[in-house]
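Note: the block below is protein.txt and it holds compact mmCIF, C-alpha atoms.
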```txt
# COMPACT_ATOMS: atom_id res chain seq x y z
CA MET A 5 0.17 24.02 24.10
CA ILE A 6 2.68 21.15 24.04
CA ALA A 7 1.07 19.78 20.88
CA ILE A 8 1.44 23.19 19.18
CA ILE A 9 5.12 23.38 20.13
CA ILE A 10 5.73 19.86 18.82
CA PHE A 11 3.93 20.69 15.57
CA ARG A 12 6.01 23.87 15.11
CA LEU A 13 9.20 21.93 15.74
CA PHE A 14 8.08 19.40 13.16
CA GLU A 15 7.51 22.22 10.65
CA LEU A 16 11.05 23.49 11.31
CA VAL A 17 12.44 20.01 10.77
CA LEU A 18 10.58 19.73 7.46
CA LEU A 19 11.82 23.17 6.44
CA PHE A 20 15.41 22.22 7.28
CA TRP A 21 15.21 19.01 5.32
CA GLY A 22 13.47 20.89 2.53
CA VAL A 23 16.47 23.20 2.20
CA VAL A 24 18.79 20.19 2.27
CA ALA A 25 16.61 18.52 -0.36
CA SER A 26 16.75 21.63 -2.57
CA VAL A 27 20.55 21.63 -2.51
CA ALA A 28 20.71 17.88 -3.03
CA PHE A 29 18.22 18.20 -5.87
CA TYR A 30 20.63 20.21 -7.99
CA ILE A 31 23.38 17.73 -7.20
CA SER A 32 21.11 14.83 -8.19
CA ARG A 33 19.17 16.47 -11.01
CA ASN A 34 20.55 14.11 -13.66
CA ARG A 35 19.16 11.15 -11.72
CA PHE A 36 15.81 12.94 -11.38
CA ASN A 37 15.66 13.27 -15.15
CA LYS A 38 16.71 9.67 -15.72
CA LEU A 39 14.00 8.40 -13.38
CA GLY A 40 11.45 10.64 -15.09
CA ILE A 41 10.61 12.47 -11.87
CA ARG A 42 11.47 15.98 -12.96
CA SER A 43 8.61 18.00 -14.49
CA LEU A 44 9.03 21.77 -14.50
CA SER A 45 5.47 22.48 -15.56
CA ALA A 46 3.84 19.79 -13.38
CA PRO A 47 1.47 18.84 -16.23
CA SER A 48 -2.05 17.49 -15.85
CA THR A 49 -1.27 14.35 -17.88
CA VAL A 50 1.90 12.30 -17.54
CA GLU A 51 2.89 9.05 -19.23
CA ILE A 52 6.21 7.44 -18.31
CA LYS A 53 7.82 4.25 -19.56
CA LEU A 54 10.45 3.00 -17.16
CA GLN A 55 13.53 1.32 -18.57
CA GLN A 56 14.20 -0.58 -15.36
CA SER A 57 12.01 -2.58 -13.02
CA PRO A 58 10.77 -0.70 -9.92
CA THR A 59 12.22 -3.56 -7.88
CA ARG A 60 15.64 -2.59 -9.22
CA PHE A 61 15.69 0.97 -7.93
CA THR A 62 19.09 1.46 -6.31
CA GLY A 63 19.72 2.93 -2.88
CA PHE A 64 20.58 6.20 -4.60
CA ASP A 65 17.32 6.05 -6.57
CA LEU A 66 15.37 5.68 -3.32
CA PHE A 67 17.34 8.61 -1.90
CA VAL A 68 16.36 10.72 -4.92
CA LEU A 69 12.71 9.67 -4.53
CA SER A 70 12.88 10.73 -0.88
CA LEU A 71 14.27 14.11 -1.94
CA SER A 72 11.40 14.52 -4.38
CA VAL A 73 8.91 13.84 -1.59
CA LEU A 74 10.64 16.22 0.85
CA CYS A 75 10.70 19.01 -1.73
CA LYS A 76 6.89 18.93 -1.74
CA TYR A 77 6.92 20.19 1.85
CA ILE A 78 9.03 23.31 1.18
CA PRO A 79 6.74 26.36 1.60
CA PHE A 80 8.47 28.45 -1.08
CA THR A 81 8.45 25.89 -3.91
CA LYS A 82 5.11 26.72 -5.58
CA GLY A 83 5.16 25.35 -9.09
CA TYR A 84 7.53 22.56 -8.10
CA HIS A 85 4.63 20.15 -7.97
CA ASN A 86 0.90 20.17 -8.62
CA GLU A 87 -1.38 21.52 -5.89
CA LEU A 88 -4.71 20.02 -4.91
CA ILE A 89 -7.47 21.75 -6.85
CA PRO A 90 -11.21 21.48 -6.11
CA HIS A 91 -13.09 19.55 -8.79
CA LYS A 92 -14.88 21.71 -11.35
CA ASP A 93 -18.08 19.67 -11.40
CA LYS A 94 -18.17 17.65 -8.18
CA GLN A 95 -18.61 19.49 -4.88
CA GLN A 96 -16.83 17.01 -2.62
CA ALA A 97 -13.95 16.10 -4.93
CA PHE A 98 -10.52 17.14 -6.18
CA ASP A 99 -9.14 17.19 -9.72
CA LEU A 100 -6.15 14.87 -9.92
CA PRO A 101 -3.72 14.72 -12.86
CA LEU A 102 -3.70 11.55 -14.93
CA ILE A 103 -0.44 9.70 -14.33
CA GLN A 104 0.35 6.46 -16.14
CA VAL A 105 3.60 4.58 -15.59
CA SER A 106 4.67 1.25 -17.06
CA GLY A 107 7.81 -0.83 -17.20
CA PRO A 108 9.33 -4.28 -16.81
CA LEU A 109 8.90 -6.28 -13.60
CA ARG A 110 11.92 -8.31 -12.53
CA PHE A 111 12.84 -10.09 -9.33
CA ASP A 112 15.25 -12.74 -8.10
CA GLN A 113 15.93 -14.96 -5.10
CA SER A 114 16.94 -12.01 -2.93
CA ASP A 115 13.45 -10.50 -3.33
CA ILE A 116 11.90 -13.84 -2.40
CA GLN A 117 14.09 -14.14 0.68
CA ARG A 118 13.20 -10.63 1.91
CA PHE A 119 9.52 -11.48 1.52
CA GLN A 120 10.01 -14.73 3.42
CA ARG A 121 11.77 -12.86 6.20
CA ALA A 122 8.86 -10.43 6.52
CA LEU A 123 6.52 -13.39 7.03
CA GLN A 124 8.71 -14.83 9.78
CA PRO A 125 9.29 -11.85 12.09
CA ASN A 126 9.45 -13.61 15.45
CA VAL A 127 8.28 -17.20 15.14
CA LYS A 128 10.73 -20.11 15.31
CA GLY A 129 10.23 -23.59 13.94
CA ARG A 130 8.06 -22.70 10.95
CA LYS A 131 9.04 -23.54 7.38
CA PRO A 132 9.76 -20.71 4.94
CA GLU A 133 6.64 -19.13 3.50
CA ILE A 134 7.64 -19.69 -0.12
CA ASP A 135 8.95 -23.19 -0.76
CA ASP A 136 9.47 -25.45 -3.72
CA ASP A 137 6.58 -27.78 -2.85
CA GLY A 138 3.78 -25.35 -2.08
CA PRO A 139 2.19 -22.21 -3.54
CA ALA A 140 3.53 -18.75 -2.89
CA ASN A 141 1.82 -16.40 -0.47
CA SER A 142 -0.77 -14.48 -2.51
CA LEU A 143 0.57 -11.13 -1.29
CA PHE A 144 3.98 -11.66 -2.94
CA LEU A 145 3.03 -9.65 -6.04
CA VAL A 146 1.66 -6.91 -3.78
CA ALA A 147 5.03 -6.49 -2.08
CA LEU A 148 6.86 -6.77 -5.39
CA THR A 149 4.93 -3.91 -7.03
CA ALA A 150 4.87 -1.54 -4.03
CA PRO A 151 7.93 0.48 -5.20
CA LEU A 152 5.91 1.61 -8.22
CA VAL A 153 3.26 3.08 -5.90
CA ILE A 154 5.94 5.06 -4.08
CA TYR A 155 7.42 6.19 -7.39
CA VAL A 156 4.10 7.55 -8.67
CA LEU A 157 3.40 9.49 -5.46
CA ALA A 158 6.90 11.02 -5.58
CA LEU A 159 6.42 12.44 -9.09
CA HIS A 160 6.26 16.22 -9.34
CA ALA A 161 3.00 15.94 -11.25
CA SER A 162 1.41 14.21 -8.25
CA PRO A 163 -0.15 16.62 -5.73
CA ILE A 164 0.05 13.97 -3.00
CA LYS A 165 2.31 14.53 0.00
CA PRO A 166 3.01 10.92 0.97
CA LEU A 167 4.45 11.42 4.46
CA GLY A 168 1.71 10.46 6.89
CA ALA A 169 -0.73 9.30 4.19
CA VAL A 170 -2.29 5.95 5.11
CA ASN A 171 -3.55 3.00 3.10
CA THR A 172 -7.26 2.58 3.93
CA ARG A 173 -8.52 -0.26 1.73
CA ASN A 174 -7.42 -2.50 -1.13
CA ALA A 175 -8.96 -4.87 -3.65
CA PHE A 176 -6.72 -7.58 -5.10
CA HIS A 177 -8.00 -9.31 -8.24
CA TYR A 178 -6.25 -12.55 -9.17
CA HIS A 179 -7.15 -13.23 -12.81
CA ASP A 180 -4.74 -16.18 -13.11
CA PRO A 181 -4.22 -17.47 -9.56
CA ALA A 182 -2.35 -20.58 -10.72
CA MET A 183 0.32 -18.33 -12.24
CA CYS A 184 0.28 -15.73 -9.45
CA ASN A 185 0.80 -18.40 -6.78
CA ASP A 186 3.53 -20.30 -8.65
CA ILE A 187 6.82 -18.70 -7.67
CA THR A 188 8.79 -20.86 -10.12
CA LYS A 189 6.73 -19.79 -13.14
CA LEU A 190 6.78 -16.15 -12.04
CA LEU A 191 10.54 -16.22 -11.64
CA GLN A 192 10.96 -17.85 -15.05
CA ALA A 193 8.74 -15.21 -16.69
CA SER A 194 10.71 -12.49 -14.92
CA ASN A 195 14.06 -13.89 -16.09
CA GLU A 196 12.74 -14.06 -19.65
CA GLY A 197 11.58 -10.43 -19.51
CA ARG A 198 7.91 -11.32 -20.00
CA LEU A 199 6.49 -9.64 -16.88
CA GLN A 200 5.26 -6.06 -17.13
CA VAL A 201 3.80 -3.74 -14.49
CA SER A 202 1.77 -0.56 -14.88
CA ALA A 203 0.19 2.05 -12.62
CA ARG A 204 -2.66 4.49 -13.20
CA PHE A 205 -3.43 7.41 -10.90
CA GLY A 206 -5.99 10.21 -11.09
CA GLY A 207 -7.63 11.48 -14.26
CA PRO A 208 -11.24 12.52 -14.96
CA GLN A 209 -12.62 9.11 -13.98
CA ASN A 210 -10.65 8.85 -10.75
CA PRO A 211 -10.87 12.10 -8.74
CA GLY A 212 -9.89 12.56 -5.11
CA ILE A 213 -12.86 12.39 -2.73
CA ARG A 214 -13.18 14.75 0.25
CA LYS A 215 -13.40 12.98 3.60
CA LYS A 216 -13.67 14.31 7.12
CA ARG A 217 -9.93 14.05 7.81
CA GLY A 218 -8.63 14.57 4.30
CA MET A 219 -8.87 13.21 0.77
CA ASP A 220 -9.39 9.64 -0.40
CA PHE A 221 -7.47 8.80 -3.57
CA SER A 222 -6.73 5.57 -5.37
CA MET A 223 -4.29 3.92 -7.74
CA ILE A 224 -4.61 0.87 -9.98
CA ILE A 225 -1.66 -1.48 -10.47
CA GLU A 226 -1.60 -4.25 -13.08
CA VAL A 227 0.84 -7.11 -13.62
CA ARG A 228 0.89 -8.66 -17.09
CA LYS A 229 2.63 -11.50 -18.84
CA HIS A 230 2.83 -10.24 -22.40
CA GLU A 231 -0.75 -9.00 -23.01
CA GLU A 232 -2.40 -11.24 -20.42
CA VAL A 233 -3.41 -9.50 -17.18
CA LEU A 234 -2.41 -11.73 -14.27
CA PHE A 235 -3.14 -9.50 -11.31
CA THR A 236 -4.84 -6.16 -10.60
CA GLN A 237 -4.75 -4.06 -7.43
CA GLU A 238 -7.04 -1.18 -6.50
CA LEU A 239 -5.30 0.71 -3.71
CA HIS A 240 -7.02 3.44 -1.69
CA PHE A 241 -5.26 5.97 0.54
CA LEU A 242 -6.16 8.86 2.83
CA GLN A 243 -4.19 12.09 2.43
CA PHE A 244 -4.63 14.12 5.61
CA LEU A 245 -5.75 17.72 5.02
CA LYS A 246 -6.50 20.73 7.17
CA SER A 247 -10.20 21.04 7.99
CA GLY A 248 -10.35 24.45 6.32
CA GLN A 249 -8.94 23.36 2.97
CA LYS A 250 -11.44 23.66 0.15
CA PRO A 251 -13.62 21.93 -0.65
CA LYS A 252 -14.55 21.68 3.01
CA PHE A 253 -15.99 18.43 4.21
CA ASP A 254 -19.80 18.34 4.04
CA PRO A 255 -21.21 15.43 6.08
CA GLU A 256 -24.61 15.75 4.39
CA GLN A 257 -23.13 14.91 0.98
CA ARG A 258 -20.99 12.03 2.22
CA GLN A 259 -22.10 8.65 1.02
CA SER A 260 -22.57 6.47 4.07
CA GLU A 261 -20.37 3.40 4.12
CA GLN A 262 -22.15 0.73 6.12
CA ASN A 263 -20.81 -2.72 6.61
CA ASN A 264 -23.19 -5.57 5.86
CA ASP A 265 -23.30 -7.53 9.08
CA GLU A 266 -25.93 -10.02 7.97
CA ASP A 267 -23.32 -12.57 6.97
CA MET A 268 -21.32 -12.13 10.20
CA GLU A 269 -21.38 -14.78 12.85
CA ASP A 270 -21.26 -13.94 16.52
CA GLN A 271 -17.73 -12.68 17.25
CA ASP A 272 -17.61 -14.92 20.32
CA SER A 273 -17.95 -18.00 18.10
CA LEU A 274 -15.04 -17.10 15.85
CA GLU A 275 -12.19 -19.56 15.68
CA THR A 276 -9.06 -17.43 15.61
CA CYS A 277 -5.32 -17.90 15.76
CA ALA A 278 -2.61 -15.49 16.83
CA LEU A 279 -0.29 -13.96 14.27
CA PRO A 280 3.41 -13.55 15.10
CA ARG A 281 3.80 -10.67 17.55
CA PHE A 282 4.61 -7.28 16.06
CA ASP A 283 7.07 -5.09 17.92
CA VAL A 284 8.05 -1.55 16.89
CA THR A 285 10.80 -2.83 14.59
CA THR A 286 8.71 -5.45 12.74
CA PRO A 287 7.51 -3.00 10.02
CA ARG A 288 11.13 -2.64 8.89
CA LEU A 289 10.99 -6.20 7.59
CA TRP A 290 8.06 -5.38 5.32
CA ALA A 291 9.69 -2.09 4.33
CA SER A 292 12.78 -4.03 3.28
CA SER A 293 10.60 -6.31 1.17
CA CYS A 294 8.39 -3.71 -0.51
CA GLY A 295 10.33 -0.43 -0.20
CA ASP A 296 7.65 1.40 1.81
CA TYR A 297 9.72 3.35 4.34
CA ASN A 298 6.95 5.77 5.30
CA PRO A 299 8.17 7.20 8.64
CA ILE A 300 4.87 6.45 10.41
CA HIS A 301 5.84 2.77 10.07
CA ILE A 302 9.54 3.11 10.87
CA LEU A 303 10.20 6.02 13.24
CA PRO A 304 8.29 6.30 16.56
CA LEU A 305 8.88 10.07 16.76
CA ALA A 306 7.56 10.62 13.24
CA ALA A 307 4.49 8.52 14.05
CA VAL A 308 3.81 10.66 17.13
CA LEU A 309 4.17 13.86 15.10
CA PHE A 310 1.53 12.56 12.71
CA GLY A 311 -0.87 11.84 15.58
CA PHE A 312 -0.22 8.16 16.34
CA PRO A 313 0.84 6.86 19.78
CA SER A 314 3.62 4.80 18.17
CA VAL A 315 4.58 3.30 14.83
CA ILE A 316 1.79 1.49 13.00
CA ALA A 317 1.97 -1.77 11.10
CA HIS A 318 1.77 -1.85 7.31
CA GLY A 319 -1.76 -3.01 6.53
CA ASN A 320 -0.65 -5.32 3.73
CA HIS A 321 1.95 -6.89 6.02
CA VAL A 322 -0.78 -7.93 8.44
CA VAL A 323 -2.94 -9.20 5.56
CA ALA A 324 0.01 -11.19 4.19
CA LEU A 325 0.42 -12.93 7.55
CA ALA A 326 -3.34 -13.61 7.68
CA VAL A 327 -3.14 -15.13 4.19
CA GLU A 328 -0.16 -17.17 5.36
CA GLU A 329 -2.30 -18.80 8.04
CA ALA A 330 -4.70 -19.96 5.32
CA ARG A 331 -1.81 -21.11 3.12
CA LEU A 332 -0.25 -23.50 5.63
CA LYS A 333 -0.98 -27.13 4.84
CA ASP A 334 -1.70 -28.03 8.46
CA GLN A 335 -4.22 -25.22 8.94
CA GLN A 336 -7.48 -27.15 8.51
CA ARG A 337 -9.58 -24.59 10.37
CA PHE A 338 -9.19 -22.14 7.47
CA ASN A 339 -9.73 -24.71 4.74
CA GLU A 340 -12.46 -22.71 2.95
CA ALA A 341 -10.16 -19.70 2.61
CA HIS A 342 -7.33 -21.95 1.42
CA GLN A 343 -9.53 -23.42 -1.32
CA ILE A 344 -10.26 -19.95 -2.72
CA LEU A 345 -6.82 -18.39 -2.27
CA TYR A 346 -4.96 -21.35 -3.74
CA GLY A 347 -7.46 -22.79 -6.18
CA ARG A 348 -7.47 -22.26 -9.94
CA LYS A 349 -10.53 -20.03 -10.25
CA PRO A 350 -10.08 -16.24 -10.50
CA PHE A 351 -10.87 -14.59 -7.17
CA THR A 352 -10.90 -11.25 -5.37
CA LEU A 353 -9.57 -10.37 -1.94
CA ASP A 354 -11.03 -7.14 -0.52
CA VAL A 355 -9.56 -5.66 2.65
CA GLN A 356 -10.41 -2.56 4.64
CA PHE A 357 -8.18 -1.10 7.35
CA ILE A 358 -10.63 0.32 9.87
CA LYS A 359 -8.30 1.04 12.77
CA PRO A 360 -4.58 1.98 12.84
CA MET A 361 -2.60 -1.01 14.09
CA VAL A 362 -0.43 0.65 16.70
CA LEU A 363 2.60 -1.35 17.81
CA PRO A 364 3.70 -3.32 19.73
CA ALA A 365 0.73 -5.66 19.48
CA THR A 366 -0.47 -9.21 18.95
CA PHE A 367 -3.18 -9.66 16.33
CA HIS A 368 -5.62 -12.54 15.93
CA VAL A 369 -7.01 -13.63 12.58
CA ALA A 370 -10.18 -15.45 11.56
CA TRP A 371 -11.36 -16.66 8.15
CA GLN A 372 -15.12 -17.09 8.44
CA VAL A 373 -17.60 -18.64 5.99
CA ARG A 374 -20.15 -16.02 4.92
CA ARG A 375 -23.80 -16.70 5.67
CA ASN A 376 -25.62 -14.84 2.90
CA ALA A 377 -22.92 -14.68 0.24
CA GLU A 378 -20.30 -16.91 -1.31
CA GLY A 379 -16.75 -16.90 -0.07
CA VAL A 380 -15.23 -16.13 3.30
CA ARG A 381 -14.75 -13.10 5.48
CA LEU A 382 -11.43 -11.98 6.90
CA ILE A 383 -11.22 -10.46 10.37
CA VAL A 384 -8.04 -9.30 12.09
CA MET A 385 -8.46 -8.22 15.70
CA LYS A 386 -6.38 -6.55 18.36
CA GLY A 387 -7.98 -7.56 21.63
CA ASP A 388 -11.74 -7.27 21.09
CA ARG A 389 -11.50 -4.60 18.37
CA ASP A 390 -11.49 -5.23 14.63
CA CYS A 391 -8.49 -3.70 12.84
CA VAL A 392 -8.91 -5.25 9.39
CA ILE A 393 -12.04 -6.66 7.79
CA GLY A 394 -12.42 -8.09 4.33
CA SER A 395 -13.82 -10.77 2.10
CA CYS A 396 -12.45 -13.33 -0.32
CA TYR A 397 -14.63 -14.81 -3.05
CA VAL A 398 -14.47 -16.48 -6.45
CA ASP A 399 -15.22 -14.06 -9.30
```
What would the structure in this file look like if it were written as structure tokens?
Amino acid sequence: MIAIIIFRLFELVLLFWGVVASVAFYISRNRFNKLGIRSLSAPSTVEIKLQQSPTRFTGFDLFVLSLSVLCKYIPFTKGYHNELIPHKDKQQAFDLPLIQVSGPLRFDQSDIQRFQRALQPNVKGRKPEIDDDGPANSLFLVALTAPLVIYVLALHASPIKPLGAVNTRNAFHYHDPAMCNDITKLLQASNEGRLQVSARFGGPQNPGIRKKRGMDFSMIIEVRKHEEVLFTQELHFLQFLKSGQKPKFDPEQRQSEQNNDEDMEDQDSLETCALPRFDVTTPRLWASSCGDYNPIHILPLAAVLFGFPSVIAHGNHVVALAVEEARLKDQQRFNEAHQILYGRKPFTLDVQFIKPMVLPATFHVAWQVRRNAEGVRLIVMKGDRDCVIGSCYVD
């Protein structure tokens, strides 16, 4: 009964803010048009070329993006954005519009400093994560391109309602790791206007997949220097849906996802180290770096309304700190991971978020040599439970 009352109150709050967003929309409609968000017909194919870097969205731009997201929750705005439609040919899938966005990618020292701050939430006496003598943390480009992900999901053509959606797994492909890990060269290319970023969402080849709790959807982000692809991300998310929404989940047609445990050592033999402790305010540091202010990471009440006991950590923030442990020069125990992450051969880092990382918490990380395959495995634990698992290997 209490849960129902809380849910109804949450609906009223969304309705209130929806009305506010509608009024503010007309006030801000010129900015909507300039950002390319506005689409009266919510078409099935959208191609947008941004004139400014996603990292240079102003505070007002982020406010407008938030309004666009809130407007998707207004019950009486049918036609304002695309709705989820069952796939014509696949039984456990949704048709998603093809959205392609591209533009310049620029950053400066302030972006670097915010990223450094996110990697030093509580620990004293450690050198900055990005310095002149060593390589950059491999997740820097991930944080730098995150605003583009938020932008795409806020578009009217996108049927996704981002509030409460969670990132479930990612694949990071470093085609030119020497360039990706060299902050000086990246900054020079940015200043010269040679870095480009693009995003691709949906389309016939990339439908949404029905899961028990909602829909799995993905987005591909690429960073280029001129025509050369430096870095590619495959990001997967879960959009929560009501159990009765069609197509209904059919467990018999679900493809089982089984982890291969043959290359796993005994968990008791893992050599781990503790990451800096996360409290309920730590996600704000990552949000400041990447622009992901999803309320489930920032506001305890919002997290509770979406079914979590408290705020949850950004998955990529935890991965960035795990990568940082392998980056440090004095971290000999993770030498194999360091050789892959900061070598010159193209490599892939796959990560899967298998358990929400509820805060406050202390996480422990291990980089483990794989038994029956090349590369290393990544394990992030909270107590005796795995929260993040992954693998890192040379392509």
Out of A:Cys277, A:Thr188, A:Glu226, A:Gly212, which residue has the shortest atom-to-atom distance to A:Leu325 when counting all atoms listed in the file?
A:Cys277
Counting all atoms listed in the file, the residue among A:Leu191, A:Ala317, A:Val322, A:Ala278 that lies closest to A:Pro364 is A:Ala317
Between A:Gln237, A:Ser57, A:Leu245, A:Arg118, single out the one closest to A:Phe310, counting all atoms listed in the file.
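Closest residue, counting all atoms listed in the file: A:Leu245.
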Within-8 Å shell of (9.0, -6.7, -14.1) in input frame, all atoms listed in the file, as an MDAnalysis selection string:
chainID A and resid 57:59 107:111 194 197:201
Atom pair atom CA of A:Thr366 / atom CA of A:Lys386: separation (Å):
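Pair atom CA of A:Thr366 / atom CA of A:Lys386 returns 6.5 Å.
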Do you have, as a Markdown table, the list of residues of stretch 278-354 of chain A lying at most 12 Å from stretch 167-182 of chain A, each with its nearest atom pair and that distance in Å to one decimal, counting all atoms listed in the file and ordered by chain then number?
```
| residue | atom | partner | partner_atom | distance |
| --- | --- | --- | --- | --- |
| A:Asp296 | CA | A:Leu167 | CA | 10.8 |
| A:Tyr297 | CA | A:Leu167 | CA | 9.6 |
| A:Asn298 | CA | A:Leu167 | CA | 6.2 |
| A:Pro299 | CA | A:Leu167 | CA | 7.0 |
| A:Ile300 | CA | A:Gly168 | CA | 6.2 |
| A:His301 | CA | A:Gly168 | CA | 9.3 |
| A:Ile302 | CA | A:Gly168 | CA | 11.5 |
| A:Leu303 | CA | A:Gly168 | CA | 11.5 |
| A:Ala306 | CA | A:Gly168 | CA | 8.6 |
| A:Ala307 | CA | A:Gly168 | CA | 7.9 |
| A:Val308 | CA | A:Gly168 | CA | 10.5 |
| A:Leu309 | CA | A:Gly168 | CA | 9.2 |
| A:Phe310 | CA | A:Gly168 | CA | 6.2 |
| A:Gly311 | CA | A:Gly168 | CA | 9.2 |
| A:Phe312 | CA | A:Gly168 | CA | 9.9 |
| A:Val315 | CA | A:Gly168 | CA | 11.1 |
| A:Ile316 | CA | A:Val170 | CA | 9.9 |
| A:Ala317 | CA | A:Val170 | CA | 10.7 |
| A:His318 | CA | A:Asn171 | CA | 8.3 |
| A:Gly319 | CA | A:Asn171 | CA | 7.1 |
| A:Asn320 | CA | A:Asn174 | CA | 8.8 |
| A:His321 | CA | A:Asn171 | CA | 11.7 |
| A:Val323 | CA | A:Asn174 | CA | 10.5 |
| A:Gln343 | CA | A:Pro181 | CA | 11.5 |
| A:Ile344 | CA | A:Pro181 | CA | 9.5 |
| A:Leu345 | CA | A:Pro181 | CA | 7.8 |
| A:Tyr346 | CA | A:Pro181 | CA | 7.0 |
| A:Gly347 | CA | A:Pro181 | CA | 7.1 |
| A:Arg348 | CA | A:Ala182 | CA | 5.4 |
| A:Lys349 | CA | A:Pro181 | CA | 6.8 |
| A:Pro350 | CA | A:His179 | CA | 4.8 |
| A:Phe351 | CA | A:Tyr178 | CA | 5.4 |
| A:Thr352 | CA | A:His177 | CA | 4.5 |
| A:Leu353 | CA | A:Phe176 | CA | 5.1 |
| A:Asp354 | CA | A:Ala175 | CA | 4.4 |
```
Long-range neighbours of A:Ala341 as a list in words, 10 Å cut-off, all atoms listed in the file, 3 positions minimum in chain
Val327, Glu329, Ala330, Arg331, Gln336, Arg337, Phe338, Ile344, Leu345, Tyr346, Gly347, Ala370, Trp371, Gln372, Val373, Gly379, Val380, Arg381, Leu382, Ser395, Cys396 and Tyr397 of chain A
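Minimum atom-to-atom distances from A:Ala203, A:Ala193, A:Leu143, A:Gln96 to A:Lys215 were compared using only C-alpha atoms, and the lowest value belongs to A:Gln96.
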Counting all atoms listed in the file, which residue out of A:Pro287, A:Lys189, A:Arg217, A:Met361 sits closest to A:Gly248?
A:Arg217
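The residue that comes closest to A:Ile383, out of A:His368, A:His160, A:His240, A:Lys246 and on the basis of all atoms listed in the file, is A:His368.
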Coordinates-based distance that separates atom CA of A:Thr236 from atom CA of A:Pro139 (Å, one decimal):
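Spanning atom CA of A:Pro139 to atom CA of A:Thr236 is a straight-line distance of 18.9 Å.
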Between atom CA of A:Val105 and atom CA of A:Arg204, what is the spacing in Å?
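That distance, rounded to one decimal, is 6.7 Å.
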Residues within 10 Å of A:Lys250, all atoms listed in the file, excluding chain neighbours under 3 positions, as an MDAnalysis selection string:
chainID A and resid 88:91 95:98 214 245:247 253
